[in-house]
Every structure is written in structure tokens, then in C-alpha cells.
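Participant: Sharing coords-v5.tsv (TSV, C-alpha atoms) below.
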```tsv
chain	number	residue	atom	x	y	z
A	273	MET	CA	94.95	-160.29	-130.30
A	274	PRO	CA	97.41	-157.83	-131.88
A	275	LEU	CA	101.03	-158.70	-131.19
A	276	ALA	CA	101.54	-155.21	-129.75
A	277	ILE	CA	99.39	-156.13	-126.74
A	278	TYR	CA	101.73	-159.01	-125.88
A	279	VAL	CA	104.69	-156.65	-126.19
A	280	LEU	CA	103.00	-154.31	-123.72
A	281	SER	CA	102.47	-157.28	-121.42
A	282	LEU	CA	106.18	-158.11	-121.69
A	283	ALA	CA	107.06	-154.57	-120.65
A	284	ILE	CA	104.77	-154.81	-117.61
A	285	PHE	CA	106.32	-158.20	-116.81
A	286	CYS	CA	109.78	-156.64	-116.77
A	287	MET	CA	108.72	-153.67	-114.67
A	288	THR	CA	106.91	-155.84	-112.12
A	289	THR	CA	109.90	-158.18	-111.95
A	290	SER	CA	112.08	-155.16	-111.22
A	291	GLU	CA	109.71	-154.09	-108.46
A	292	PHE	CA	109.82	-157.45	-106.67
A	293	MET	CA	113.36	-158.61	-107.44
A	294	VAL	CA	114.93	-156.81	-104.48
A	295	ALA	CA	112.93	-159.06	-102.14
A	296	GLY	CA	114.89	-162.06	-103.37
A	297	MET	CA	118.35	-160.52	-102.89
A	298	MET	CA	118.01	-158.60	-99.62
A	299	ASN	CA	120.90	-160.28	-97.84
A	300	THR	CA	123.17	-159.79	-100.86
A	301	LEU	CA	122.33	-156.09	-101.21
A	302	ALA	CA	122.71	-155.55	-97.48
A	303	GLY	CA	126.26	-156.90	-97.70
A	304	GLU	CA	127.02	-155.00	-100.90
A	305	PHE	CA	126.04	-151.60	-99.52
A	306	ALA	CA	126.98	-152.28	-95.88
A	307	VAL	CA	123.47	-151.60	-94.58
A	308	SER	CA	120.95	-153.61	-92.57
A	309	VAL	CA	118.33	-155.87	-94.13
A	310	SER	CA	115.63	-153.49	-92.92
A	311	GLN	CA	117.30	-150.65	-94.83
A	312	VAL	CA	117.27	-152.77	-97.98
A	313	GLY	CA	113.55	-153.20	-97.35
A	314	TYR	CA	113.21	-149.44	-97.79
A	315	LEU	CA	114.27	-149.92	-101.41
A	316	ILE	CA	111.02	-151.79	-101.98
A	317	THR	CA	109.16	-149.07	-100.13
A	318	ALA	CA	110.82	-146.44	-102.32
A	319	PHE	CA	109.69	-148.20	-105.50
A	320	SER	CA	106.12	-148.43	-104.18
A	321	ALA	CA	106.17	-144.82	-103.00
A	322	GLY	CA	107.28	-143.76	-106.47
A	323	MET	CA	104.31	-145.63	-107.92
A	324	VAL	CA	101.81	-144.18	-105.45
A	325	VAL	CA	102.99	-140.58	-105.36
A	326	GLY	CA	104.97	-139.89	-108.52
A	327	GLY	CA	103.09	-142.22	-110.86
A	328	PRO	CA	99.74	-140.37	-110.74
A	329	LEU	CA	101.49	-137.00	-111.06
A	330	LEU	CA	103.40	-138.16	-114.13
A	331	THR	CA	100.21	-139.67	-115.58
A	332	ALA	CA	98.43	-136.35	-115.09
A	333	ALA	CA	101.25	-134.56	-116.89
A	334	LEU	CA	100.83	-136.93	-119.85
A	335	LEU	CA	97.04	-136.72	-120.09
A	336	ASN	CA	97.04	-134.97	-123.47
A	337	MET	CA	100.12	-136.66	-124.95
A	338	PRO	CA	99.63	-139.32	-127.67
A	339	ARG	CA	99.59	-142.67	-125.90
A	340	LYS	CA	102.28	-144.37	-127.98
A	341	LYS	CA	104.65	-141.47	-127.41
A	342	ALA	CA	103.83	-141.50	-123.69
A	343	PHE	CA	104.53	-145.22	-123.39
A	344	ILE	CA	107.86	-145.01	-125.19
A	345	MET	CA	108.90	-142.07	-123.04
A	346	LEU	CA	107.92	-143.88	-119.83
A	347	THR	CA	109.80	-147.00	-120.95
A	348	GLY	CA	112.88	-144.82	-121.45
A	349	VAL	CA	112.55	-143.31	-117.98
A	350	PHE	CA	112.14	-146.74	-116.43
A	351	LEU	CA	115.15	-148.03	-118.34
A	352	ALA	CA	117.23	-145.13	-117.00
A	353	GLY	CA	116.20	-146.03	-113.45
A	354	GLN	CA	116.97	-149.71	-113.96
A	355	LEU	CA	120.39	-148.97	-115.46
A	356	LEU	CA	121.17	-146.63	-112.58
A	357	GLY	CA	120.43	-149.51	-110.21
A	358	ALA	CA	122.67	-151.87	-112.18
A	359	ILE	CA	125.68	-149.58	-111.79
A	360	ALA	CA	124.83	-148.27	-108.32
A	361	GLY	CA	127.89	-147.98	-106.12
A	362	SER	CA	126.08	-146.82	-103.02
A	363	TYR	CA	122.84	-147.30	-101.15
A	364	GLU	CA	121.75	-143.73	-101.94
A	365	VAL	CA	122.17	-144.21	-105.69
A	366	MET	CA	120.22	-147.46	-105.54
A	367	MET	CA	117.45	-145.67	-103.63
A	368	ALA	CA	117.26	-143.00	-106.35
A	369	SER	CA	117.08	-145.67	-109.05
A	370	ARG	CA	114.17	-147.40	-107.33
A	371	ILE	CA	112.20	-144.17	-107.04
A	372	ILE	CA	112.72	-143.35	-110.73
A	373	ALA	CA	111.70	-146.85	-111.80
A	374	GLY	CA	108.64	-146.82	-109.54
A	375	VAL	CA	107.35	-143.52	-110.91
A	376	ALA	CA	107.72	-144.69	-114.52
A	377	SER	CA	106.28	-148.14	-113.82
A	378	SER	CA	103.04	-146.82	-112.36
A	379	ALA	CA	102.36	-144.45	-115.26
A	380	ALA	CA	103.38	-147.06	-117.88
A	381	PHE	CA	100.89	-149.56	-116.47
A	382	GLY	CA	97.97	-147.16	-116.92
A	383	VAL	CA	99.06	-146.13	-120.41
A	384	SER	CA	99.49	-149.80	-121.42
A	385	ILE	CA	95.92	-150.59	-120.41
A	386	SER	CA	94.65	-147.61	-122.38
A	387	ILE	CA	96.61	-148.61	-125.49
A	388	SER	CA	95.53	-152.25	-125.31
A	389	ALA	CA	91.87	-151.24	-125.11
A	390	SER	CA	92.32	-149.01	-128.16
A	391	LEU	CA	93.83	-151.76	-130.32
A	392	VAL	CA	90.80	-154.09	-130.25
A	393	GLU	CA	87.06	-154.02	-130.69
A	394	GLU	CA	84.93	-153.12	-127.69
A	395	ASN	CA	83.87	-156.74	-127.07
A	396	GLN	CA	87.55	-157.78	-126.82
A	397	ARG	CA	88.77	-155.10	-124.44
A	398	GLY	CA	88.39	-157.22	-121.33
A	399	ARG	CA	90.57	-159.93	-122.83
A	400	ALA	CA	93.14	-157.37	-124.00
A	401	VAL	CA	93.40	-155.82	-120.55
A	402	SER	CA	93.66	-159.28	-118.97
A	403	ILE	CA	96.75	-159.94	-121.11
A	404	ILE	CA	98.36	-156.81	-119.68
A	405	PHE	CA	97.56	-158.01	-116.17
A	406	GLY	CA	98.95	-161.38	-117.19
A	407	GLY	CA	102.39	-159.79	-117.44
A	408	LEU	CA	102.08	-158.69	-113.83
A	409	MET	CA	100.94	-162.13	-112.66
A	410	ILE	CA	103.62	-164.04	-114.55
A	411	ALA	CA	106.24	-161.74	-113.02
A	412	THR	CA	105.37	-163.11	-109.57
A	413	VAL	CA	105.52	-166.72	-110.79
A	414	LEU	CA	108.56	-166.59	-113.07
A	415	GLY	CA	110.13	-163.13	-113.08
A	416	THR	CA	110.98	-162.74	-109.41
A	417	PRO	CA	112.23	-166.33	-108.94
A	418	ALA	CA	114.30	-166.07	-112.14
A	419	ALA	CA	115.83	-162.76	-111.02
A	420	THR	CA	116.65	-164.29	-107.64
A	421	TRP	CA	118.24	-167.35	-109.23
A	422	VAL	CA	120.30	-165.22	-111.63
A	423	ALA	CA	121.44	-163.02	-108.75
A	424	ASP	CA	122.56	-166.08	-106.77
A	425	ALA	CA	124.31	-167.64	-109.75
A	426	TYR	CA	125.91	-164.63	-111.46
A	427	GLY	CA	125.57	-161.70	-109.08
A	428	TRP	CA	122.85	-159.18	-108.40
A	429	ARG	CA	124.13	-156.69	-111.00
A	430	PHE	CA	123.73	-159.29	-113.74
A	431	SER	CA	120.10	-159.66	-112.69
A	432	PHE	CA	119.53	-155.90	-112.95
A	433	TRP	CA	121.21	-155.78	-116.36
A	434	ALA	CA	119.08	-158.68	-117.63
A	435	VAL	CA	115.87	-156.87	-116.73
A	436	ALA	CA	117.18	-153.67	-118.33
A	437	ILE	CA	117.91	-155.49	-121.60
A	438	LEU	CA	114.40	-156.98	-121.67
A	439	VAL	CA	112.89	-153.54	-121.03
A	440	LEU	CA	114.94	-152.11	-123.90
A	441	LEU	CA	113.83	-154.90	-126.24
A	442	SER	CA	110.18	-154.47	-125.31
A	443	GLY	CA	110.41	-150.71	-125.80
A	444	VAL	CA	112.03	-150.98	-129.24
A	445	THR	CA	109.52	-153.63	-130.32
A	446	ALA	CA	106.61	-151.55	-129.03
A	447	LEU	CA	107.91	-148.58	-131.03
A	448	ARG	CA	107.64	-150.65	-134.19
A	449	LEU	CA	104.41	-152.55	-133.50
A	450	ILE	CA	102.13	-150.05	-131.78
A	451	PRO	CA	100.29	-148.08	-134.46
A	452	VAL	CA	99.87	-144.33	-134.32
A	453	LEU	CA	96.79	-143.88	-132.15
A	454	SER	CA	94.41	-140.96	-132.15
A	455	ARG	CA	95.26	-138.24	-129.68
A	456	PRO	CA	93.20	-138.62	-126.48
A	457	GLU	CA	90.30	-136.26	-125.96
A	458	PRO	CA	91.58	-133.05	-124.36
A	459	THR	CA	90.97	-133.04	-120.62
A	460	SER	CA	92.19	-131.30	-117.53
A	461	LEU	CA	93.48	-132.36	-114.16
A	462	ARG	CA	90.59	-130.55	-112.48
A	463	HIS	CA	88.11	-132.68	-114.45
A	464	GLU	CA	89.91	-135.89	-113.54
A	465	MET	CA	90.00	-134.92	-109.86
A	466	LYS	CA	86.22	-134.74	-109.67
A	467	SER	CA	86.02	-138.52	-109.37
A	468	PHE	CA	87.72	-138.30	-105.96
A	469	ARG	CA	84.57	-136.80	-104.49
A	470	ASN	CA	83.05	-140.29	-104.50
A	471	ARG	CA	83.25	-141.69	-100.93
A	472	LYS	CA	82.77	-145.26	-102.14
A	473	LEU	CA	85.85	-144.84	-104.31
A	474	TRP	CA	87.87	-143.80	-101.25
A	475	ALA	CA	86.57	-146.85	-99.36
A	476	ALA	CA	87.86	-149.05	-102.18
A	477	TYR	CA	91.20	-147.23	-102.15
A	478	LEU	CA	91.56	-147.68	-98.39
A	479	THR	CA	90.71	-151.38	-98.57
A	480	SER	CA	93.20	-151.94	-101.39
A	481	PHE	CA	95.85	-149.93	-99.55
A	482	LEU	CA	95.55	-152.04	-96.40
A	483	ILE	CA	95.42	-155.37	-98.23
A	484	ILE	CA	98.34	-154.68	-100.56
A	485	GLY	CA	100.35	-153.03	-97.79
A	486	ALA	CA	99.92	-155.95	-95.42
A	487	THR	CA	100.80	-158.48	-98.11
A	488	PHE	CA	103.89	-156.64	-99.33
A	489	VAL	CA	105.24	-156.14	-95.82
A	490	ALA	CA	105.45	-159.91	-95.43
A	491	PHE	CA	106.54	-160.56	-99.02
A	492	SER	CA	109.39	-158.04	-98.85
A	493	TYR	CA	111.18	-160.01	-96.12
A	494	PHE	CA	110.52	-163.54	-97.36
A	495	ALA	CA	114.16	-164.20	-98.29
A	496	PRO	CA	115.79	-163.36	-94.91
A	497	ILE	CA	112.93	-164.96	-93.00
A	498	PHE	CA	113.17	-168.21	-94.95
A	499	THR	CA	116.97	-168.43	-94.76
A	500	GLU	CA	117.68	-167.03	-91.28
A	501	LEU	CA	114.63	-168.08	-89.27
A	502	THR	CA	113.13	-171.17	-90.87
A	503	GLY	CA	116.35	-172.82	-92.05
A	504	PHE	CA	115.77	-172.95	-95.82
A	505	SER	CA	118.90	-172.80	-97.94
A	506	PRO	CA	119.45	-169.73	-100.15
A	507	SER	CA	119.15	-171.94	-103.24
A	508	SER	CA	115.57	-172.84	-102.30
A	509	VAL	CA	114.38	-169.21	-102.18
A	510	PRO	CA	113.58	-169.01	-105.93
A	511	LEU	CA	111.42	-172.13	-105.65
A	512	LEU	CA	109.57	-170.64	-102.67
A	513	PHE	CA	108.89	-167.51	-104.72
A	514	VAL	CA	107.53	-169.73	-107.52
A	515	VAL	CA	105.12	-171.37	-105.08
A	516	TYR	CA	104.00	-167.98	-103.78
A	517	GLY	CA	103.54	-166.59	-107.30
A	518	ALA	CA	101.63	-169.67	-108.46
A	519	ALA	CA	99.30	-169.29	-105.48
A	520	THR	CA	98.54	-165.68	-106.45
A	521	VAL	CA	97.75	-166.70	-110.03
A	522	VAL	CA	95.47	-169.57	-108.98
A	523	GLY	CA	93.76	-167.38	-106.40
A	524	ASN	CA	93.22	-164.64	-108.98
A	525	LEU	CA	91.69	-167.09	-111.45
A	526	ILE	CA	89.30	-168.50	-108.84
A	527	THR	CA	88.19	-165.18	-107.40
A	528	GLY	CA	87.94	-163.64	-110.87
A	529	ARG	CA	85.32	-166.19	-111.83
A	530	LEU	CA	83.30	-165.72	-108.65
A	531	ALA	CA	83.76	-162.04	-107.84
A	532	ASP	CA	80.99	-160.71	-110.12
A	533	ARG	CA	78.34	-162.90	-108.46
A	534	TYR	CA	79.65	-163.00	-104.88
A	535	THR	CA	81.62	-159.77	-104.52
A	536	MET	CA	81.20	-159.09	-100.80
A	537	LEU	CA	81.39	-162.78	-99.85
A	538	ILE	CA	84.66	-163.23	-101.75
A	539	LEU	CA	86.07	-160.04	-100.26
A	540	THR	CA	85.11	-161.08	-96.72
A	541	ILE	CA	86.51	-164.59	-97.05
A	542	GLY	CA	89.68	-163.23	-98.59
A	543	LEU	CA	90.22	-160.72	-95.79
A	544	VAL	CA	89.67	-163.38	-93.13
A	545	LEU	CA	92.09	-165.80	-94.79
A	546	LEU	CA	94.70	-163.08	-95.31
A	547	THR	CA	94.43	-161.91	-91.71
A	548	THR	CA	94.68	-165.47	-90.40
A	549	GLY	CA	97.65	-166.24	-92.62
A	550	LEU	CA	99.58	-163.11	-91.68
A	551	LEU	CA	98.91	-163.58	-87.96
A	552	THR	CA	100.10	-167.18	-88.19
A	553	PHE	CA	103.16	-166.02	-90.12
A	554	ALA	CA	103.95	-163.39	-87.47
A	555	ILE	CA	103.41	-165.69	-84.47
A	556	GLY	CA	105.31	-168.58	-86.04
```
Translate the structure described by the file into C-alpha cells.
Facilitator:
Amino acid sequence: MPLAIYVLSLAIFCMTTSEFMVAGMMNTLAGEFAVSVSQVGYLITAFSAGMVVGGPLLTAALLNMPRKKAFIMLTGVFLAGQLLGAIAGSYEVMMASRIIAGVASSAAFGVSISISASLVEENQRGRAVSIIFGGLMIATVLGTPAATWVADAYGWRFSFWAVAILVLLSGVTALRLIPVLSRPEPTSLRHEMKSFRNRKLWAAYLTSFLIIGATFVAFSYFAPIFTELTGFSPSSVPLLFVVYGAATVVGNLITGRLADRYTMLILTIGLVLLTTGLLTFAIG
């Protein structure tokens, strides 16, 4: 695999770490900005809202831009959002930083997949894309726990700065390693919107929306729940995030191998297990 694909994966790792890192420092940020824990939770919502709403709009605006140029630009926008968060002196500034980072992250993810597929032969595209997704998965296993540990040890701003530096390094390296790619075929937003007429596509969107939404609601408040309700010490939170992230990676590997042959069965079992787990979590 070209080294550029691993650099793209590193960038996605950093951006995903940034998305989840607030979950591990909710109590700290609540004290820093003199707001409630639930208000800090809105910072995670803001990042996700930026991805859902602003990301597709920004992607549409970049449809006809060379992909390397688009990725570098998006990395710069994300870096600006991350740096704004690192120096934020108020809750409102932090909220703005999360929205900016979320918008850039969503668009960068799509562009990264497109670039990775263009750098290899057709029979290697699946593997190339899986490396990009690997950055996302590793962020849940290592990135979020590491950011939480750094925040506990050296302060939350240090954690934000560390992610910003990694994003800068990945962007500079990508600028050097990604070759000049052919300009994408000219298209229009109207042409792209035609795919939304497919009802089955909307069913998939709705299912994904409910599953991801339900999971993130619980995940966002892991830190205060573990420390304030279940009695875990703050120092154990990074380890708990590692366990959670490892479970997502193992689950993804298992379902990935079985999903092509048993799609509906895997989906049904997964929904039942997720519902049972979240109900148990809520009742307990």
C-alpha cells in the first residue's frame, strides 16, 4: 500500500480522536467553563451536527476541486477549529471550535476514501479503504483513552494541542506524499441529489441514525457516569475507554466477516444486543 494511504489514515485517526476526546474530560471542561456536564455534552452534539449538516454541504462545494487540494484545505480548516478549542476561554468559543472541526472532519473523511481508492489498483481498493477506516477504529481504542490520560496528567489544553500538532504533521506529510491526481469528472449537485430518491437508501440512513445516535448518547456520558455513579476513579476512565474501543474493533472484525453472507441476521442480532445493553445500562 502507498505510504500516502497510511498518512490519510493518521489524519482520520486524529480527527476521530478530536471528536471523542471531550467525552473523557467532561467534568474537567464543566469546571473550566462553569457549565453543567449536560452542557458539555452539547459540545459532542455540536461536532456531530457539524458533520451531519455542514459536512455534506462542504463536500458538495468541493465536488469539482482536485482531491489533493480539497484534502489539504479541509485539514487546514480542521486544524483551525482544533486550535480554537485549545485556546478557548469560554464555552461559546469552544462550541464554535467543535462545529468548525466537525464540518471539516466529515468532508475530509469522504475525500480521504476517494483519494485512497485512486492510489491503488481496482482489486486493492477494498483494502485501501479499510486502512482509512482503521484510523477511525484505532482512535476509539487508543486515541480517546490517550487524550483522556493526557488531559488528566497535563491538562485538557495540552490534549487539544497534541491533537492539533498531529493533524498539522499529517497534513504536511500528505502534501508531500499524495501525488497530483486527475481532476474528478465534472458533476453537479442536482445529479448527486438524484440518489436520494431511493427509499431503501433512506431506510439505511434512518437505521444508521438511530443506532449511532443511541450509542453515542451513552458513550458521551461514560466519564461522569463511571466516576460519579459507579464509583470508578478518574484514573481508570482511560482504561475503560480502551476496553470499549477494543470491543468495537473486535465486533467490527467479526461482523465484517459475516455480514456479506448473513446481512439481515447480523443486523437483527446486533440491534437486539444493543437494545438490551442500553436498557440494562439505563436501568442499572
Participant: Restricting the calculation to only C-alpha atoms: of A:Thr552, A:Ser281, A:Ser442, A:Thr527, which residue gets closest to Ser402 of chain A?
Facilitator: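 Closest to Ser402 of chain A, using only C-alpha atoms: A:Ser281.
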Participant: Excluding Pro451 of chain A and residues on its chain fewer than 3 positions from it, collect all residues at most 10 Å away from it, counting all atoms listed in the file, and give them as a list in words.
Facilitator: Ala276, Lys340, Ile387, Leu391, Ala446, Leu447, Arg448 and Ser454 of chain A
Participant: Selection from above, C-alpha atoms, as a PDB file, in the coordinates of the input, can you write it?
Facilitator:
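Writing the result to part.pdb gives the following:
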```pdb
ATOM      1  CA  ALA A 276     101.540-155.210-129.750  1.00  0.00           C
ATOM      2  CA  LYS A 340     102.280-144.370-127.980  1.00  0.00           C
ATOM      3  CA  ILE A 387      96.610-148.610-125.490  1.00  0.00           C
ATOM      4  CA  LEU A 391      93.830-151.760-130.320  1.00  0.00           C
ATOM      5  CA  ALA A 446     106.610-151.550-129.030  1.00  0.00           C
ATOM      6  CA  LEU A 447     107.910-148.580-131.030  1.00  0.00           C
ATOM      7  CA  ARG A 448     107.640-150.650-134.190  1.00  0.00           C
ATOM      8  CA  SER A 454      94.410-140.960-132.150  1.00  0.00           C
TER       9      SER A 454
END
```
Participant: Rounded to one decimal, what separation in Å do you get between atom CA of Leu282 of chain A and atom CA of Gly407 of chain A?
Facilitator: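 Taking atom CA of Leu282 of chain A and atom CA of Gly407 of chain A, their separation equals 5.9 Å.
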Participant: If I take atom CA of Thr331 of chain A and atom CA of Ser377 of chain A, how far is one from the other in Å, to one decimal?
Facilitator: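 That distance, rounded to one decimal, is 10.6 Å.
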Participant: Need the shell around Ser390 of chain A: protein/DNA/RNA residues with any atom at most 12 Å away, counting only C-alpha atoms. Skip same-chain ones fewer than 4 positions apart. Format as a VMD selection string?
Facilitator: chain A and resid 273 to 274 276 to 277 339 to 340 383 to 386 394 to 398 400 to 401 450 to 456
Participant: So, with only C-alpha atoms as the atoms that count, which of A:Gln354, A:Thr288, A:Ser320, A:Ser362 lies closest to Glu304 of chain A?
Facilitator: A:Ser362
Participant: Just to confirm, what's the straight-line distance from atom CA of Val365 of chain A to atom CA of Ile437 of chain A in Å (one decimal)?
Facilitator: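 Computed distance, atom CA of Val365 of chain A to atom CA of Ile437 of chain A, equals 20.0 Å.
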Participant: Between A:Val422, A:Met287, A:Met345, A:Met337, which residue has the minimum interatomic distance to Ser378 of chain A, considering only C-alpha atoms?
Facilitator: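 Among A:Val422, A:Met287, A:Met345, A:Met337, it is A:Met287 that comes nearest to Ser378 of chain A.
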Participant: Using the file's own x, y and z axes, what box holds all listed atoms of segment 363-371 of chain A with 8 Å on each side, keeping edges along x, y and z, and what are its centre and edge lengths in Å to one decimal, as AutoDock Vina command-line options?
Facilitator:
```
--center_x 117.5 --center_y -145.2 --center_z -105.1 --size_x 26.6 --size_y 20.5 --size_z 23.9
```
Participant: Show which residues sit within 12 Å of segment 431-434 of chain A, as number ranges by chain. Count all atoms listed in the file, and ignore same-chain residues fewer than 6 positions away.
Facilitator: A: 286-287, 289-294, 296-297, 351-360, 366, 369-370, 415-425, 440-441
Participant: Dump C-alpha atoms for the selected residues as a short mmCIF file (atom, residue, chain, number, x, y, z; two decimals), in the coordinates of the input?
Facilitator:
```cif
data_model
loop_
_atom_site.label_atom_id
_atom_site.label_comp_id
_atom_site.auth_asym_id
_atom_site.auth_seq_id
_atom_site.Cartn_x
_atom_site.Cartn_y
_atom_site.Cartn_z
CA CYS A 286 109.78 -156.64 -116.77
CA MET A 287 108.72 -153.67 -114.67
CA THR A 289 109.90 -158.18 -111.95
CA SER A 290 112.08 -155.16 -111.22
CA GLU A 291 109.71 -154.09 -108.46
CA PHE A 292 109.82 -157.45 -106.67
CA MET A 293 113.36 -158.61 -107.44
CA VAL A 294 114.93 -156.81 -104.48
CA GLY A 296 114.89 -162.06 -103.37
CA MET A 297 118.35 -160.52 -102.89
CA LEU A 351 115.15 -148.03 -118.34
CA ALA A 352 117.23 -145.13 -117.00
CA GLY A 353 116.20 -146.03 -113.45
CA GLN A 354 116.97 -149.71 -113.96
CA LEU A 355 120.39 -148.97 -115.46
CA LEU A 356 121.17 -146.63 -112.58
CA GLY A 357 120.43 -149.51 -110.21
CA ALA A 358 122.67 -151.87 -112.18
CA ILE A 359 125.68 -149.58 -111.79
CA ALA A 360 124.83 -148.27 -108.32
CA MET A 366 120.22 -147.46 -105.54
CA SER A 369 117.08 -145.67 -109.05
CA ARG A 370 114.17 -147.40 -107.33
CA GLY A 415 110.13 -163.13 -113.08
CA THR A 416 110.98 -162.74 -109.41
CA PRO A 417 112.23 -166.33 -108.94
CA ALA A 418 114.30 -166.07 -112.14
CA ALA A 419 115.83 -162.76 -111.02
CA THR A 420 116.65 -164.29 -107.64
CA TRP A 421 118.24 -167.35 -109.23
CA VAL A 422 120.30 -165.22 -111.63
CA ALA A 423 121.44 -163.02 -108.75
CA ASP A 424 122.56 -166.08 -106.77
CA ALA A 425 124.31 -167.64 -109.75
CA LEU A 440 114.94 -152.11 -123.90
CA LEU A 441 113.83 -154.90 -126.24
#
```
Participant: Using all atoms listed in the file, find the one residue out of A:Gly382, A:Pro506, A:Gly443, A:Gly313 that sits nearest to Leu301 of chain A.
Facilitator: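 Distance minimum relative to Leu301 of chain A lands on A:Gly313.
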Participant: Which residues come within 12 Å of Thr547 of chain A, counting only C-alpha atoms, excluding same-chain residues fewer than 6 positions away, as a PyMOL selection string?
Facilitator: chain A and resi 482-483+486-487+490+540-541+553-554
Participant: Can you list, as a PyMOL selection string, every protein, DNA or RNA residue that comes within 12 Å of Leu539 of chain A when you count all atoms listed in the file, leaving out same-chain residues fewer than 3 positions away?
Facilitator: chain A and resi 476+479-480+483+527-528+530-536+542-546
Participant: Of the candidates A:Phe481, A:Phe498, A:Tyr493, A:Tyr278, which shows the shortest atom-to-atom distance to Val324 of chain A, using only C-alpha atoms?
Facilitator: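 Selected residue with least distance to Val324 of chain A: A:Phe481.
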Participant: Which residue out of A:Met367, A:Val392, A:Val515, A:Gly485 has the minimum interatomic distance to Ala318 of chain A when all atoms listed in the file are used?
Facilitator: A:Met367
